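Colleague: Here it is, the structure in full.
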Amino acid sequence: MEIFDLFDCDRQLTGQTIQRGQVIPEGMYRMVVHLAIFGSDGKMLIQRRTDDKSTWAGLWDITLGGHVVSGETSFQGVCRELSEELGLEMNAEKMRPSFTINFSNGFDDYYITEMDVDIHKLKLQAEEVSAVKWAEIDDIMSMIDSGEFIPYKKSLIEMLFEMKLSTGAHK
C-alpha cells in the first residue's frame with residue numbers, strides 16, 4: 001500500500017500521512033508529479049495508460065505522472081516514476097519543477113526535459129503503461145478532441161510545448 005505525506009497550503013510537511021484511496025483531510029494536500037519528455041525534434045513522448053487503471057484507463061497521457069510517496073521530494077518522485085514506468089534514469093543532477101498547478105487537494109509539479117529516447121528500448125511497467133509513442137502538439141490536441149487523451153486543458157499542453165526549451169514566463 002502506498003503512503004503519501006500530507007502538506008499544508010504552503011507545501012510544508014505536516015508530519016501526517018495517508019494511504020492511497022483514503023480521503024484527504026480538509027486543509028491538507030498531497031503532491032503529484034508529471035514529466036514531459038521532448039525529443040530534439042520537438043515531439044513529446046506520450047504514454048497510454050493500461051485498460052485496468054482506476055482513473056483515465058486506456059487513455060493517452062503526457063510522458064508520466066504519479067504520486068510522490070512518503071519521504072520523497074518532488075524531484076525524487078519524478079525520478080522514481082520515470083524508472084518504474086519507463087525504465088529510464090533522469091540525466092539531471094537535480095531539477096526544479098518548471099511550474100506547479102494547485103488542485104483541490106494537492107500540488108501538481110510539472111517537469112520538462114529534452115531527451116532523445118529509443119522507444120523500442122523502454123521497459124514499460126505492465127501495470128501502468130501499455131504503449132508509448134512520440135507525438136506533435138497537433139496530434140495531442142486531436143487526441144484530446146477524440147477522447148483518446150486525458151482531457152487536459154489545451155492551454156496546458158500548449159504551455160508544455162512552449163516551455164520545452166526554456167524556463168520562466170518570459171521569452
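The way I read the labels, and the way they are meant: chains A, B, ... in the order of the C-alpha cells, residue 1 as the first residue of every chain, and ligand 1 as the first ligand shown, with later ones counted on from there.
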Could you give me, as a tab-separated table, every segment 71-133 of chain A residue with an atom at most 8 Å from segment 37-61 of chain A, plus its closest atom pair and distance in Å to one decimal, counting only C-alpha atoms, rows ordered by chain then number?
Modeller:
```
residue	atom	partner	partner_atom	distance
A:Ile112	CA	A:Ile37	CA	6.0
A:Thr113	CA	A:Ile37	CA	5.1
A:Glu114	CA	A:Phe38	CA	4.7
A:Met115	CA	A:Gly39	CA	5.3
A:Asp116	CA	A:Gly39	CA	4.7
A:Val117	CA	A:Gly39	CA	7.2
A:Ala126	CA	A:Thr50	CA	7.6
A:Glu127	CA	A:Thr50	CA	6.7
A:Glu128	CA	A:Thr50	CA	5.5
A:Val129	CA	A:Arg49	CA	4.8
A:Ser130	CA	A:Thr50	CA	5.1
A:Ala131	CA	A:Arg48	CA	5.1
A:Val132	CA	A:Gln47	CA	4.3
A:Lys133	CA	A:Ile46	CA	5.6
```
Colleague: I need the residues from that last selection saved to file as a PDB file, in the first residue's frame (with C-alpha atoms), if you can.
Modeller:
```pdb
ATOM      1  CA  ILE A 112      10.013  19.349 -18.635  1.00  0.00           C
ATOM      2  CA  THR A 113      13.176  17.937 -20.166  1.00  0.00           C
ATOM      3  CA  GLU A 114      14.699  17.089 -23.529  1.00  0.00           C
ATOM      4  CA  MET A 115      15.866  13.531 -24.034  1.00  0.00           C
ATOM      5  CA  ASP A 116      16.110  11.513 -27.240  1.00  0.00           C
ATOM      6  CA  VAL A 117      14.711   8.126 -26.296  1.00  0.00           C
ATOM      7  CA  ALA A 126       2.892  -3.548 -17.377  1.00  0.00           C
ATOM      8  CA  GLU A 127       0.597  -2.415 -14.540  1.00  0.00           C
ATOM      9  CA  GLU A 128       0.807   1.235 -15.590  1.00  0.00           C
ATOM     10  CA  VAL A 129       1.761   1.698 -19.241  1.00  0.00           C
ATOM     11  CA  SER A 130       0.535  -0.222 -22.290  1.00  0.00           C
ATOM     12  CA  ALA A 131       2.241   1.775 -25.076  1.00  0.00           C
ATOM     13  CA  VAL A 132       4.389   4.822 -25.815  1.00  0.00           C
ATOM     14  CA  LYS A 133       4.913   6.967 -28.882  1.00  0.00           C
TER      15      LYS A 133
END
```
Colleague: Interatomic distance between atom CA of Asp145 of chain A and atom CA of Leu165 of chain A?
Modeller: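 Answer for the atom CA of Asp145 of chain A to atom CA of Leu165 of chain A separation: 26.1 Å.
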Colleague: Compile the contact shell of Glu26 of chain A as a ChimeraX atom specification: residues with an atom at most 10 Å away, counting only C-alpha atoms, same-chain residues fewer than 5 positions apart removed.
Modeller: /A:8,104-105
Colleague: For the residues in that selection, give me C-alpha atoms as a PDB file, in the first residue's frame.
Modeller:
```
ATOM      1  CA  ASP A   8      -0.144  22.371   4.415  1.00  0.00           C
ATOM      2  CA  SER A 104      -8.373  21.000  -4.779  1.00  0.00           C
ATOM      3  CA  ASN A 105      -6.363  18.667  -2.538  1.00  0.00           C
TER       4      ASN A 105
END
```
Colleague: Please report the interatomic distance between atom CA of Leu82 of chain A and atom CA of Thr63 of chain A in Å with one decimal.
Modeller: 8.7 Å
Colleague: For Ile137 of chain A, work out the shell of residues within 10 Å, counting only C-alpha atoms and skipping chain neighbours fewer than 4 positions away, then give it as an MDAnalysis selection string.
Modeller: chainID A and resid 42:44 141:143 154 157:158 160:161
Colleague: Write out as a count of residues only the set of residues from chain A that DSSP, computed on the backbone, places in strand (DSSP E or B).
Modeller: 56
Colleague: If DSSP is run on the backbone, what residues of segment 4-156 of chain A are helix (DSSP H, G or I)? A reply as a compact mmCIF listing (two decimals) with N, CA and C atoms, in the first residue's frame would be ideal.
Modeller:
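Okay, this is what ended up in part_6.txt:
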```
# COMPACT_ATOMS: atom_id res chain seq x y z
N SER A 74 9.73 16.08 -4.42
CA SER A 74 9.09 16.10 -5.72
C SER A 74 10.02 15.53 -6.78
N PHE A 75 11.27 15.97 -6.80
CA PHE A 75 12.23 15.51 -7.81
C PHE A 75 12.51 14.02 -7.65
N GLN A 76 12.65 13.54 -6.42
CA GLN A 76 12.86 12.10 -6.21
C GLN A 76 11.66 11.31 -6.72
N GLY A 77 10.47 11.85 -6.53
CA GLY A 77 9.26 11.18 -7.02
C GLY A 77 9.22 11.06 -8.52
N VAL A 78 9.58 12.14 -9.21
CA VAL A 78 9.55 12.09 -10.68
C VAL A 78 10.63 11.14 -11.20
N CYS A 79 11.78 11.10 -10.56
CA CYS A 79 12.84 10.17 -10.98
C CYS A 79 12.41 8.72 -10.75
N ARG A 80 11.78 8.44 -9.61
CA ARG A 80 11.31 7.08 -9.33
C ARG A 80 10.24 6.67 -10.33
N GLU A 81 9.28 7.54 -10.59
CA GLU A 81 8.22 7.23 -11.54
C GLU A 81 8.79 6.96 -12.93
N LEU A 82 9.78 7.73 -13.33
CA LEU A 82 10.41 7.54 -14.64
C LEU A 82 11.08 6.17 -14.73
N SER A 83 11.77 5.80 -13.67
CA SER A 83 12.43 4.50 -13.63
C SER A 83 11.41 3.36 -13.61
N GLU A 84 10.38 3.50 -12.79
CA GLU A 84 9.37 2.44 -12.68
C GLU A 84 8.55 2.28 -13.95
N GLU A 85 8.04 3.39 -14.50
CA GLU A 85 7.10 3.30 -15.61
C GLU A 85 7.76 3.06 -16.95
N LEU A 86 8.96 3.63 -17.16
CA LEU A 86 9.59 3.54 -18.48
C LEU A 86 10.99 2.92 -18.46
N ILE A 119 12.17 4.44 -28.19
CA ILE A 119 11.02 3.87 -27.51
C ILE A 119 11.00 2.35 -27.55
N HIS A 120 11.74 1.76 -28.47
CA HIS A 120 11.79 0.30 -28.56
C HIS A 120 12.65 -0.32 -27.46
N LYS A 121 13.44 0.50 -26.78
CA LYS A 121 14.31 0.01 -25.71
C LYS A 121 13.75 0.29 -24.31
N ILE A 137 2.26 18.42 -31.18
CA ILE A 137 1.19 19.10 -30.46
C ILE A 137 -0.16 18.90 -31.15
N ASP A 138 -0.20 18.97 -32.49
CA ASP A 138 -1.47 18.80 -33.20
C ASP A 138 -2.04 17.41 -32.99
N ASP A 139 -1.17 16.40 -32.91
CA ASP A 139 -1.63 15.03 -32.65
C ASP A 139 -2.31 14.95 -31.29
N ILE A 140 -1.67 15.55 -30.27
CA ILE A 140 -2.23 15.51 -28.92
C ILE A 140 -3.55 16.26 -28.85
N MET A 141 -3.63 17.42 -29.50
CA MET A 141 -4.87 18.19 -29.49
C MET A 141 -6.00 17.40 -30.14
N SER A 142 -5.71 16.71 -31.23
CA SER A 142 -6.71 15.87 -31.90
C SER A 142 -7.13 14.71 -31.00
N MET A 143 -6.17 14.14 -30.28
CA MET A 143 -6.48 13.04 -29.38
C MET A 143 -7.33 13.50 -28.20
N ILE A 144 -7.12 14.72 -27.72
CA ILE A 144 -7.98 15.28 -26.68
C ILE A 144 -9.40 15.42 -27.22
N ASP A 145 -9.51 15.97 -28.44
CA ASP A 145 -10.83 16.16 -29.05
C ASP A 145 -11.57 14.84 -29.25
N SER A 146 -10.86 13.78 -29.60
CA SER A 146 -11.49 12.49 -29.89
C SER A 146 -11.73 11.66 -28.64
N LYS A 154 -6.33 22.40 -23.07
CA LYS A 154 -5.39 22.51 -24.20
C LYS A 154 -4.30 23.55 -23.92
N SER A 155 -4.63 24.55 -23.13
CA SER A 155 -3.62 25.57 -22.81
C SER A 155 -2.46 24.95 -22.01
N LEU A 156 -2.72 23.91 -21.22
CA LEU A 156 -1.64 23.22 -20.51
C LEU A 156 -0.71 22.53 -21.50
```
Colleague: Measuring atom to atom with only C-alpha atoms, identify which of A:Val69, A:Ile150, A:Met163, A:Ala36 is nearest to Trp134 of chain A.
Modeller: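 Of A:Val69, A:Ile150, A:Met163, A:Ala36, the one nearest Trp134 of chain A, counting only C-alpha atoms, is A:Ala36.
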Colleague: For Leu88 of chain A, which residue out of A:Thr73, A:Glu162, A:Leu122, A:Ile101 is the nearest one, using only C-alpha atoms?
Modeller: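 Of A:Thr73, A:Glu162, A:Leu122, A:Ile101, the one nearest Leu88 of chain A, counting only C-alpha atoms, is A:Leu122.
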Colleague: Which polymer residues have any atom within 8 Å of an atom of Thr17 of chain A, counting only C-alpha atoms, with same-chain residues fewer than 3 positions away left out, as a list in words?
Modeller: Ile3, Phe4, Asp5, Leu6 and Ser70 of chain A
Colleague: Need to verify the contact set: Val33 of chain A, 7 Å, only C-alpha atoms, exclusion of same-chain residues closer than 5 positions in sequence. Can you return it as a ChimeraX atom specification?
Modeller: /A:65-68,74,77-78,108-110
Colleague: Any idea what the distance is between atom CA of Lys171 of chain A and atom CA of Tyr152 of chain A?
Modeller: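 One can read the atom CA of Lys171 of chain A to atom CA of Tyr152 of chain A distance as 24.1 Å.
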Colleague: So that I can check the surroundings of Arg11 of chain A, please list as JSON, numbers by chain every protein, DNA and RNA residue that reaches within 9 Å of it, counting only C-alpha atoms and ignoring chain neighbours fewer than 3 positions away.
Modeller: {"A": [6, 7, 8, 14, 29, 30, 31, 107]}
Colleague: Output C-alpha atoms of each residue in that selection to a file, as a short mmCIF file (atom, residue, chain, number, x, y, z; two decimals), in the first residue's frame.
Modeller:
```cif
data_model
loop_
_atom_site.label_atom_id
_atom_site.label_comp_id
_atom_site.auth_asym_id
_atom_site.auth_seq_id
_atom_site.Cartn_x
_atom_site.Cartn_y
_atom_site.Cartn_z
CA LEU A 6 0.45 15.41 3.71
CA PHE A 7 1.36 19.08 3.34
CA ASP A 8 -0.14 22.37 4.41
CA THR A 14 2.57 18.31 8.38
CA TYR A 29 -2.64 18.43 0.44
CA ARG A 30 -0.76 15.70 -1.45
CA MET A 31 1.96 16.04 -4.07
CA PHE A 107 0.01 20.20 -5.90
#
```
